[in-house]
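Beneath this line is the structure, given in structure tokens, with notes to follow.
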Amino acid sequence: MSDSVPLTTDQPGQVASATPPVPGRSRRLSDRGLAVAFISPALLLLLAMSVFPLLWALYLSFTDYSATRGGPANFIGFGNYTAILTSAQVHTRALTTLIYVVGAVGLQTVLGFGIAYLISRRTHGRGVLTTLFLVPMMLSPVVVGLFWRFMLDAQFGVVNSMLGSLGVGQVEWLTRQRTALISLIVVDTWQWTPFIMLIALAGLTAVPKYLYEAASIDRASEWFRFRTITLPLVWPLLLIAVLFRAIEAFRLFDLVYILTNGGPGVSTETLSFHIYKVAFLGFNTGTASAYGILMVLVVIVLTQLYLRYLNKLKEG
Amino acid sequence: MRFPKRTGRTSGPGRKVRLATAAMLLVATSVTACGDGQDDGEKASAPKAPATIPELSKDPLTLSFIWFEWPPAKALEAFANAEYKKERPNATIKVNTVPNANWHDAMFTQFAAHKTDFDIAILDSQHIGEAVTNGNILDITDFVKKNIDVTAYNPYLLAAYGQYPQAETGKRDENASLYGLPLLGDTWTMIYRKDLIGDKPPQTWDQMISAAEKCQADNPGVSGLAFHQANGSDAAAVTYNTVNGVYGGNLWDSKTRKIEGVLNDAAGQEAMDVLVNKMKPLTAKGSGNWFIDEVNAAVAQGKACIAFNWIAASGGLLDPKQSTLGTTREQILDKLGFATLPSQKTNLVPLGGMGMHVSAYSSKANQAEALNFMEWFERADIQKKWAAAGGVPSRTDAIQSPEFLNAGPFNKVYADSVPRMRDMWNVPEYARLVNIENTNVNAALNGAKKPKDALDDIAKEQQGVLDSGNRKGGGGL
């Protein structure tokens with residue numbers, strides 16, 4: 001351990017001398033070098049786990065490579081991309097995914113914001129309520145899928161049992177075309193509404209109180225205050241939450257796998273679920289890579305458009 | 001305090017060096033991750049196992065299997081550790097299991113990595129084509145010739161669990177190569193409520209449907225039928241294939257590789273019509289995603305008059321702890337009967353079960369142990385012990401033995417069904433073919449597609465898969 005270096009001199013008025021370099025530290029290792037040294041492990045990990053797979057998938061997407069069949073990866077240009085973009089099967093899955101994303105994220109936004117608004121108006125028990133509402137979000141989607149699968153079972157599920165006691169007949173939640181997709185939306189909403197709620201609550205808490213006080217002095221109605229103060233100030237934050245949720249919902253796989261397995265038929269097969277089948281049933285690695293790259297591109301383009309809108313909103 | 005002068009973005013050679021280093025790192029990562037690129041250029045083919053079992057290791061060794069989670073997996077591990085250890089005390093048997101829906105993926109993703117954590121893959125008979133074509137399992141033809149008494153088996157059983165290219169139904173091509181040996185034989189059994197429809201099981205498919213219809217009408221709350229309808233694994237596909245076989249249909253013409261026009265011919269259409277319009281209305285509401293466990297649960301809870309399930313998965317039905325039909329096995333057996341499937345235009349039944357296949361990526365010591373285990377397992381005395389332990393053997397002497405026939409009321413069903421078995425396609429494209437059939441049959445059963453449209457779609461899409469060999473891009477869609 002080195003001795004401490006005095007910062008003052010015995011003579012008043014004299015400026016303390018600059019600290020000499022720490023003994024033993026290499027003269028070549030500048031602060032920048034040190035920064036690089038510290039960042040390198042994380043950078044290497046990122047290269048190995050994210051950048052390389054992405055580039056490798058990009059390369060494979062232009063080939064007919066199959067992970068199990070072996071053989072050379074023959075370059076086929078945009079063959080995989082053309083096939084995917086013109087495939088009726090892909091169009092069907094894209095439509096299913098779109099309905100799911102719009103339905104689930106829309107419902108979560110309305111409910112999440114509503115709950116956050118109600119909680120923000122409470123003065124007592126806000127913390128406990130928030131924590132309770134967050135519980136579903138903390139569970140694994142597989143666990144959520146499994147217990148909802150039991151709850152929605154047409155024969156012995158608790159949902160049908162409750163409906164039965166109200167005089168409603170048995171509903172085939174997971175095995176009919178329309179109800180299966182609705183069930184997926186409901187389960188996803190149950191799990192992820194707290195996420196929107198949390199962000200909306202943060203936004204609501206950050207609204208300056210004096211704005212409401214000024215509005216009260218002007219005798220503004222509750223609706224007027226909500227429309228002109230609350231919503232405009234929370235809106236940008238809420239849109240970010242919607243963006244995160246939309247990206248998550250766009251690549252939904254786990255709930256589909258557990259709850260419906262894509263059925264009945266392929267009516268709840270999302271794009272991610274379809275990629276999984278392309279990748280692992282026939283091990284068509286090239287096609288699956290192109291499919292994945294296209295999904296990433298769609299997310300990037302939509303996110304960019306969305307962020308531009310968000311920036312305009314902020315500037316406005 | 002003096003701070004070092006900020007230089008901003010480094011320029012000149014320093015920056016180039018760093019860029020070059022980053023590029024090298026990326027290339028190095030790529031090379032490492034890609035592994036041995038030499039394999040990719042070589043045409044895959046199954047490596048050959050030695051004809052004689054190499055010298056076995058004297059060190060402690062774990063022989064690992066991979067299977068899906070179901071009672072026979074536990075039975076195999078317990079049986080093998082109890083019996084095989086008597087001969088090979090240094091060997092421990094570990095049967096790793098995955099959920100049924102992940103079974104194919106769990107094996108073939110490891111095959112794809114050319115590194116497996118299992119020594120013996122328990123492949124479905126239809127997986128053999130894919131594994132052989134990719135060179136994932138050992139060719140054991142010479143080993144079988146030298147160590148296994150092939151005459152002790154029904155030829156079709158030996159062919160179904162080991163031969164590739166696929167044998168004609170009911171036969172074995174003695175010139176074809178073998179890649180596996182039978183582990184567990186299986187087929188569907190008809191489970192019927194003796195107390196509700198009588199002691200005598202229906203003999204024809206029409207009679208079975210009539211009996212189920214009457215039973216459902218007479219017993220409110222009990223559905224006439226329970227069978228596999230789920231769109232995961234091969235659930236709905238096996239159901240359709242069974243009805244297709246019974247009504248005289250064919251899945252394909254294996255010689256010309258034709259599916260369109262064969263599967264959806266008049267017999268195929270009739271089978272689909274029977275399944276969707278006559279059988280489905282007799283099932284419980286919401287049963288459109290039922291598979292093995294759900295069908296067993298319906299029977300055990302007394303909610304089905306007639307059910308169809310794999311024999312190897314039926315043992316739990318006689319467990320009073322899992323059943324509401326009686327407090328003892330005898331009481332349950334007073335109510336439940338097990339019979340071979342009814343016939344109609346033919347008497348075909350589905351071939352189930354699996355074989356043992358040695359991973360090409362296992363170590364030499366473990367491959368030797370695996371071969372030794374297989375030789376041991378196929379011995380007459382061991383097959384009888386396996387039968388007594390709850391397994392379904394494949395050797396004819398074991399199938400006919402009292403140990404097997406007395407071990408369970410459904411075992412005679414298996415013995416009687418062996419000459420009636422028919423398998424699906426055993427081709428490298430199997431996983432995609434079965435997925436197409438499963439999703440479409442499931443759609444028809446759950447009202448998402450008209451039966452005729454579903455069958456025509458199956459035939460068209462499956463034909464597309466078989467014909468897509470020269471397609472440039474989009475394979476797998």
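Here, A, B, ... name the chains of the structure tokens in the order displayed, residue numbers run from 1 inside each chain, and ligands are numbered from 1 in the same displayed order.
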
* Enumerate, as a PyMOL selection string, the complete set of residues in region 18-240 of chain B that a backbone-based DSSP assignment places in strand (DSSP E). => chain B and resi 61-68+91-98+120-124+163-164+177-178+181-193+223-226

List as a tab-separated table every residue of region 142-169 of chain A that is in contact with region 186-202 of chain A, defined as an atom at most 12 Å from one of its atoms (using only C-alpha atoms), together with the nearest atom pair and the distance in Å rounded to one decimal, sorted by chain and then rising number.
```
residue	atom	partner	partner_atom	distance
A:Val142	CA	A:Gln191	CA	11.3
A:Val143	CA	A:Gln191	CA	10.9
A:Val144	CA	A:Gln191	CA	7.7
A:Gly145	CA	A:Val187	CA	7.6
A:Leu146	CA	A:Val187	CA	10.7
A:Phe147	CA	A:Val187	CA	10.2
A:Trp148	CA	A:Val187	CA	7.2
A:Arg149	CA	A:Val187	CA	9.6
A:Met151	CA	A:Val187	CA	10.7
A:Leu152	CA	A:Val187	CA	10.1
```

For the residues in the current selection, export all heavy atoms as a tab-separated table (two decimals), in the first residue's frame.
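Output file part.tsv is given in full below:
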```tsv
chain	number	residue	atom	x	y	z
A	142	VAL	N	-43.63	-20.19	-18.64
A	142	VAL	CA	-43.96	-21.62	-18.74
A	142	VAL	C	-44.89	-22.02	-17.58
A	142	VAL	O	-45.88	-22.72	-17.78
A	142	VAL	CB	-42.68	-22.48	-18.73
A	142	VAL	CG1	-43.00	-23.96	-18.69
A	142	VAL	CG2	-41.83	-22.17	-19.95
A	143	VAL	N	-44.57	-21.53	-16.40
A	143	VAL	CA	-45.41	-21.82	-15.23
A	143	VAL	C	-46.80	-21.20	-15.43
A	143	VAL	O	-47.83	-21.85	-15.22
A	143	VAL	CB	-44.75	-21.26	-13.95
A	143	VAL	CG1	-45.67	-21.43	-12.75
A	143	VAL	CG2	-43.43	-21.95	-13.69
A	144	VAL	N	-46.80	-19.96	-15.89
A	144	VAL	CA	-48.08	-19.27	-16.14
A	144	VAL	C	-48.89	-20.07	-17.17
A	144	VAL	O	-50.08	-20.32	-16.99
A	144	VAL	CB	-47.82	-17.83	-16.65
A	144	VAL	CG1	-49.10	-17.18	-17.14
A	144	VAL	CG2	-47.21	-17.00	-15.54
A	145	GLY	N	-48.22	-20.49	-18.25
A	145	GLY	CA	-48.90	-21.26	-19.29
A	145	GLY	C	-49.49	-22.54	-18.75
A	145	GLY	O	-50.63	-22.90	-19.05
A	146	LEU	N	-48.72	-23.23	-17.92
A	146	LEU	CA	-49.19	-24.53	-17.40
A	146	LEU	C	-50.41	-24.37	-16.50
A	146	LEU	O	-51.38	-25.11	-16.63
A	146	LEU	CB	-48.06	-25.23	-16.63
A	146	LEU	CG	-47.07	-25.99	-17.50
A	146	LEU	CD1	-45.90	-26.49	-16.67
A	146	LEU	CD2	-47.75	-27.17	-18.19
A	147	PHE	N	-50.37	-23.39	-15.57
A	147	PHE	CA	-51.52	-23.33	-14.69
A	147	PHE	C	-52.75	-22.73	-15.38
A	147	PHE	O	-53.87	-23.11	-15.07
A	147	PHE	CB	-51.21	-22.76	-13.30
A	147	PHE	CG	-50.97	-21.28	-13.18
A	147	PHE	CD1	-51.98	-20.37	-13.41
A	147	PHE	CD2	-49.73	-20.81	-12.77
A	147	PHE	CE1	-51.76	-19.02	-13.26
A	147	PHE	CE2	-49.51	-19.45	-12.63
A	147	PHE	CZ	-50.52	-18.55	-12.88
A	148	TRP	N	-52.53	-21.89	-16.37
A	148	TRP	CA	-53.69	-21.42	-17.15
A	148	TRP	C	-54.25	-22.55	-18.02
A	148	TRP	O	-55.43	-22.61	-18.28
A	148	TRP	CB	-53.31	-20.22	-18.01
A	148	TRP	CG	-53.47	-18.92	-17.28
A	148	TRP	CD1	-52.50	-18.20	-16.65
A	148	TRP	CD2	-54.70	-18.19	-17.07
A	148	TRP	NE1	-53.04	-17.08	-16.07
A	148	TRP	CE2	-54.38	-17.04	-16.31
A	148	TRP	CE3	-56.02	-18.40	-17.45
A	148	TRP	CZ2	-55.34	-16.10	-15.93
A	148	TRP	CZ3	-56.98	-17.46	-17.07
A	148	TRP	CH2	-56.63	-16.33	-16.32
A	149	ARG	N	-53.37	-23.43	-18.44
A	149	ARG	CA	-53.84	-24.58	-19.23
A	149	ARG	C	-54.81	-25.42	-18.40
A	149	ARG	O	-55.82	-25.89	-18.89
A	149	ARG	CB	-52.64	-25.42	-19.67
A	149	ARG	CG	-53.00	-26.48	-20.68
A	149	ARG	CD	-51.81	-27.35	-21.01
A	149	ARG	NE	-52.33	-28.62	-21.52
A	149	ARG	CZ	-52.02	-29.13	-22.68
A	149	ARG	NH1	-51.20	-28.53	-23.46
A	149	ARG	NH2	-52.54	-30.27	-23.08
A	151	MET	N	-56.45	-24.26	-15.72
A	151	MET	CA	-57.62	-23.44	-15.39
A	151	MET	C	-58.60	-23.35	-16.56
A	151	MET	O	-59.81	-23.26	-16.37
A	151	MET	CB	-57.17	-22.04	-14.97
A	151	MET	CG	-56.61	-21.99	-13.55
A	151	MET	SD	-55.71	-20.48	-13.19
A	151	MET	CE	-56.94	-19.26	-13.44
A	152	LEU	N	-58.07	-23.37	-17.77
A	152	LEU	CA	-58.93	-23.22	-18.94
A	152	LEU	C	-59.40	-24.55	-19.52
A	152	LEU	O	-60.09	-24.57	-20.55
A	152	LEU	CB	-58.19	-22.43	-20.04
A	152	LEU	CG	-57.89	-20.96	-19.73
A	152	LEU	CD1	-56.99	-20.36	-20.80
A	152	LEU	CD2	-59.18	-20.16	-19.64
```

Kindly assemble as CSV a list of the chain A residues that lie within 7 Å of chain B, each paired with its nearest atom pair and their distance in Å to one decimal, using only C-alpha atoms, sorted first by chain and then by ascending residue number.
```
residue,atom,partner,partner_atom,distance
A:Ala18,CA,B:Met1,CA,5.1
A:Thr19,CA,B:Met1,CA,6.5
A:Leu47,CA,B:Leu26,CA,6.8
A:Ala48,CA,B:Thr29,CA,6.1
A:Phe52,CA,B:Ser30,CA,6.5
A:Asp64,CA,B:Gly473,CA,6.2
A:Ala67,CA,B:Ala112,CA,5.4
A:Thr68,CA,B:Ala112,CA,4.5
A:Arg69,CA,B:Asn134,CA,5.1
A:Gly70,CA,B:Asp40,CA,5.0
A:Gly71,CA,B:Asp40,CA,4.4
A:Pro72,CA,B:Gly41,CA,5.1
A:Ile76,CA,B:Lys472,CA,6.5
A:Gly79,CA,B:Gly473,CA,4.4
A:Asn80,CA,B:Gly473,CA,4.2
A:Ala83,CA,B:Gly474,CA,4.9
A:Ile84,CA,B:Gly474,CA,6.3
A:Ala154,CA,B:Gly286,CA,4.9
A:Gln155,CA,B:Gly286,CA,6.7
A:Glu172,CA,B:Gly286,CA,5.0
A:Thr175,CA,B:Gly288,CA,5.6
A:Arg176,CA,B:Asn446,CA,6.1
A:Gln177,CA,B:Ala448,CA,6.1
A:Asn261,CA,B:Gly232,CA,6.4
A:Gly263,CA,B:Asn231,CA,6.5
A:Pro264,CA,B:Ala443,CA,5.1
A:Gly265,CA,B:Ala443,CA,3.9
A:Val266,CA,B:Thr439,CA,6.2
A:Val278,CA,B:Gly476,CA,5.1
A:Phe280,CA,B:Asp105,CA,6.2
A:Leu281,CA,B:Ala431,CA,5.3
A:Gly282,CA,B:Arg432,CA,5.9
A:Asn284,CA,B:Gly476,CA,5.6
A:Thr287,CA,B:Gly474,CA,5.3
```

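CA of Tyr59 (chain A) lies 9.1 Å from CA of Phe75 (chain A).
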
* List the neighbours of Asn309 (chain B) out to 12 Å using only C-alpha atoms; skip same-chain residues closer than 2 positions along the sequence, and give me the result as an MDAnalysis selection string. => chainID B and resid 186:192 225:229 235 238:239 242 290:299 306:307 311:317 338:341 349:350 352 410 413

Would you write out those residues with N, CA and C atoms, as a tab-separated table (two decimals), in the first residue's frame?
```tsv
chain	number	residue	atom	x	y	z
B	186	ASP	N	-44.99	-51.97	-28.87
B	186	ASP	CA	-46.21	-51.29	-28.43
B	186	ASP	C	-47.23	-51.22	-29.56
B	187	THR	N	-48.48	-51.12	-29.19
B	187	THR	CA	-49.54	-50.83	-30.13
B	187	THR	C	-50.71	-50.25	-29.35
B	188	TRP	N	-51.77	-49.88	-30.02
B	188	TRP	CA	-52.96	-49.38	-29.33
B	188	TRP	C	-53.78	-50.54	-28.77
B	189	THR	N	-54.36	-50.31	-27.62
B	189	THR	CA	-55.35	-51.25	-27.10
B	189	THR	C	-56.69	-50.51	-27.02
B	190	MET	N	-57.76	-51.25	-27.18
B	190	MET	CA	-59.08	-50.66	-26.94
B	190	MET	C	-59.43	-50.94	-25.48
B	191	ILE	N	-59.73	-49.88	-24.76
B	191	ILE	CA	-60.09	-50.02	-23.34
B	191	ILE	C	-61.60	-49.76	-23.26
B	192	TYR	N	-62.32	-50.72	-22.73
B	192	TYR	CA	-63.78	-50.54	-22.73
B	192	TYR	C	-64.36	-50.84	-21.35
B	225	LEU	N	-66.45	-41.95	-26.44
B	225	LEU	CA	-65.09	-42.29	-26.86
B	225	LEU	C	-64.05	-41.34	-26.26
B	226	ALA	N	-62.84	-41.82	-26.14
B	226	ALA	CA	-61.70	-40.97	-25.78
B	226	ALA	C	-60.50	-41.47	-26.58
B	227	PHE	N	-59.88	-40.56	-27.32
B	227	PHE	CA	-58.70	-40.94	-28.10
B	227	PHE	C	-57.79	-39.73	-28.30
B	228	HIS	N	-56.63	-39.94	-28.87
B	228	HIS	CA	-55.63	-38.88	-29.03
B	228	HIS	C	-56.06	-37.90	-30.13
B	229	GLN	N	-56.07	-36.62	-29.79
B	229	GLN	CA	-56.46	-35.61	-30.79
B	229	GLN	C	-55.50	-34.42	-30.82
B	235	ALA	N	-49.78	-37.27	-32.02
B	235	ALA	CA	-51.06	-37.68	-31.43
B	235	ALA	C	-52.20	-37.83	-32.45
B	238	VAL	N	-51.52	-40.28	-35.53
B	238	VAL	CA	-51.65	-41.73	-35.30
B	238	VAL	C	-53.13	-42.12	-35.30
B	239	THR	N	-53.95	-41.26	-34.72
B	239	THR	CA	-55.38	-41.57	-34.69
B	239	THR	C	-55.93	-41.68	-36.11
B	242	THR	N	-54.63	-44.75	-37.92
B	242	THR	CA	-55.26	-46.00	-37.47
B	242	THR	C	-56.61	-46.19	-38.18
B	290	TRP	N	-56.31	-33.63	-26.33
B	290	TRP	CA	-55.97	-34.78	-25.49
B	290	TRP	C	-54.90	-35.65	-26.12
B	291	PHE	N	-54.04	-36.16	-25.22
B	291	PHE	CA	-53.04	-37.14	-25.66
B	291	PHE	C	-53.05	-38.27	-24.62
B	292	ILE	N	-51.93	-38.94	-24.45
B	292	ILE	CA	-51.88	-40.15	-23.62
B	292	ILE	C	-52.45	-39.92	-22.22
B	293	ASP	N	-51.95	-38.91	-21.52
B	293	ASP	CA	-52.33	-38.71	-20.12
B	293	ASP	C	-53.80	-38.35	-19.97
B	294	GLU	N	-54.30	-37.51	-20.85
B	294	GLU	CA	-55.69	-37.06	-20.75
B	294	GLU	C	-56.65	-38.22	-21.01
B	295	VAL	N	-56.31	-39.08	-21.97
B	295	VAL	CA	-57.16	-40.24	-22.25
B	295	VAL	C	-57.16	-41.17	-21.04
B	296	ASN	N	-55.98	-41.41	-20.49
B	296	ASN	CA	-55.89	-42.25	-19.28
B	296	ASN	C	-56.71	-41.65	-18.13
B	297	ALA	N	-56.62	-40.34	-17.96
B	297	ALA	CA	-57.36	-39.68	-16.88
B	297	ALA	C	-58.86	-39.85	-17.06
B	298	ALA	N	-59.33	-39.72	-18.31
B	298	ALA	CA	-60.77	-39.88	-18.58
B	298	ALA	C	-61.23	-41.29	-18.23
B	299	VAL	N	-60.41	-42.28	-18.58
B	299	VAL	CA	-60.77	-43.68	-18.27
B	299	VAL	C	-60.74	-43.89	-16.76
B	306	ILE	N	-65.43	-46.05	-24.09
B	306	ILE	CA	-64.40	-46.76	-24.86
B	306	ILE	C	-63.25	-45.79	-25.12
B	307	ALA	N	-62.05	-46.27	-24.93
B	307	ALA	CA	-60.89	-45.39	-25.16
B	307	ALA	C	-59.81	-46.16	-25.92
B	311	ILE	N	-50.44	-49.34	-25.28
B	311	ILE	CA	-50.38	-50.35	-24.22
B	311	ILE	C	-49.33	-49.99	-23.17
B	312	ALA	N	-48.17	-49.56	-23.63
B	312	ALA	CA	-47.08	-49.26	-22.69
B	312	ALA	C	-47.43	-48.16	-21.70
B	313	ALA	N	-48.46	-47.38	-22.03
B	313	ALA	CA	-48.85	-46.27	-21.14
B	313	ALA	C	-50.10	-46.60	-20.34
B	314	SER	N	-50.55	-47.86	-20.40
B	314	SER	CA	-51.84	-48.19	-19.79
B	314	SER	C	-51.73	-48.77	-18.38
B	315	GLY	N	-50.53	-49.03	-17.92
B	315	GLY	CA	-50.36	-49.68	-16.61
B	315	GLY	C	-51.02	-48.92	-15.47
B	316	GLY	N	-50.94	-47.60	-15.51
B	316	GLY	CA	-51.48	-46.78	-14.43
B	316	GLY	C	-52.99	-46.93	-14.26
B	317	LEU	N	-53.67	-47.40	-15.30
B	317	LEU	CA	-55.13	-47.53	-15.22
B	317	LEU	C	-55.56	-48.54	-14.16
B	338	PHE	N	-59.75	-54.90	-21.84
B	338	PHE	CA	-58.74	-54.50	-22.83
B	338	PHE	C	-58.84	-55.45	-24.02
B	339	ALA	N	-58.92	-54.90	-25.20
B	339	ALA	CA	-59.07	-55.76	-26.38
B	339	ALA	C	-58.27	-55.21	-27.54
B	340	THR	N	-58.03	-56.08	-28.52
B	340	THR	CA	-57.37	-55.60	-29.75
B	340	THR	C	-58.34	-54.66	-30.48
B	341	LEU	N	-57.81	-53.84	-31.35
B	341	LEU	CA	-58.69	-52.88	-32.05
B	341	LEU	C	-59.70	-53.62	-32.93
B	349	VAL	N	-53.39	-52.44	-37.22
B	349	VAL	CA	-53.27	-51.67	-35.97
B	349	VAL	C	-51.97	-50.86	-36.06
B	350	PRO	N	-51.88	-49.76	-35.31
B	350	PRO	CA	-50.65	-48.94	-35.43
B	350	PRO	C	-49.47	-49.58	-34.70
B	352	GLY	N	-46.35	-49.15	-32.52
B	352	GLY	CA	-45.74	-48.16	-31.63
B	352	GLY	C	-44.39	-48.69	-31.17
B	410	PHE	N	-53.47	-56.28	-20.61
B	410	PHE	CA	-53.36	-55.79	-21.99
B	410	PHE	C	-52.24	-56.46	-22.77
B	413	VAL	N	-53.31	-58.50	-25.62
B	413	VAL	CA	-53.71	-57.64	-26.74
B	413	VAL	C	-52.49	-57.40	-27.64
```

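If only C-alpha atoms are the atoms counted, then among B:Lys86, B:Lys115, B:Asp195, B:Tyr240 the closest residue to Ile332 (chain B) is B:Asp195.
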
* Leaving out Arg121 (chain A) and any residue of its chain fewer than 5 positions from it, which residues lie within 10 Å of it when counting only C-alpha atoms, given as a count of residues only? -> 4

* Members of region 152-312 of chain A assigned helix (DSSP H, G or I) by DSSP, as an NGL selection string -> :A and (158-165 or 177-205 or 209-217 or 222-250 or 254-259 or 271-280 or 285-312)

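Here CA of Gly390 (chain B) and CA of Ala91 (chain B) stand 22.2 Å from one another.
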
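Between CA of Thr116 (chain B) and CA of Ser359 (chain B) lies a distance of 7.3 Å.
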
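Residues in contact range of region 293-302 of chain A, defined as at most 7 Å between only C-alpha atoms, with sequence neighbours fewer than 3 positions away removed, read Leu58, Ile247, Ser289, Ala290, Leu305 and Tyr306 of chain A.
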
* To do: Just the residues within 7 Å of Leu60 (chain A), please, counting only C-alpha atoms, with nothing from its chain fewer than 4 positions along; format it as an MDAnalysis selection string.
  => chainID A and resid 56 65 286 289

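If only C-alpha atoms are the atoms counted, then among A:Ala57, A:Val256, A:Ala73, A:Val128 the closest residue to Phe273 (chain A) is A:Val256.
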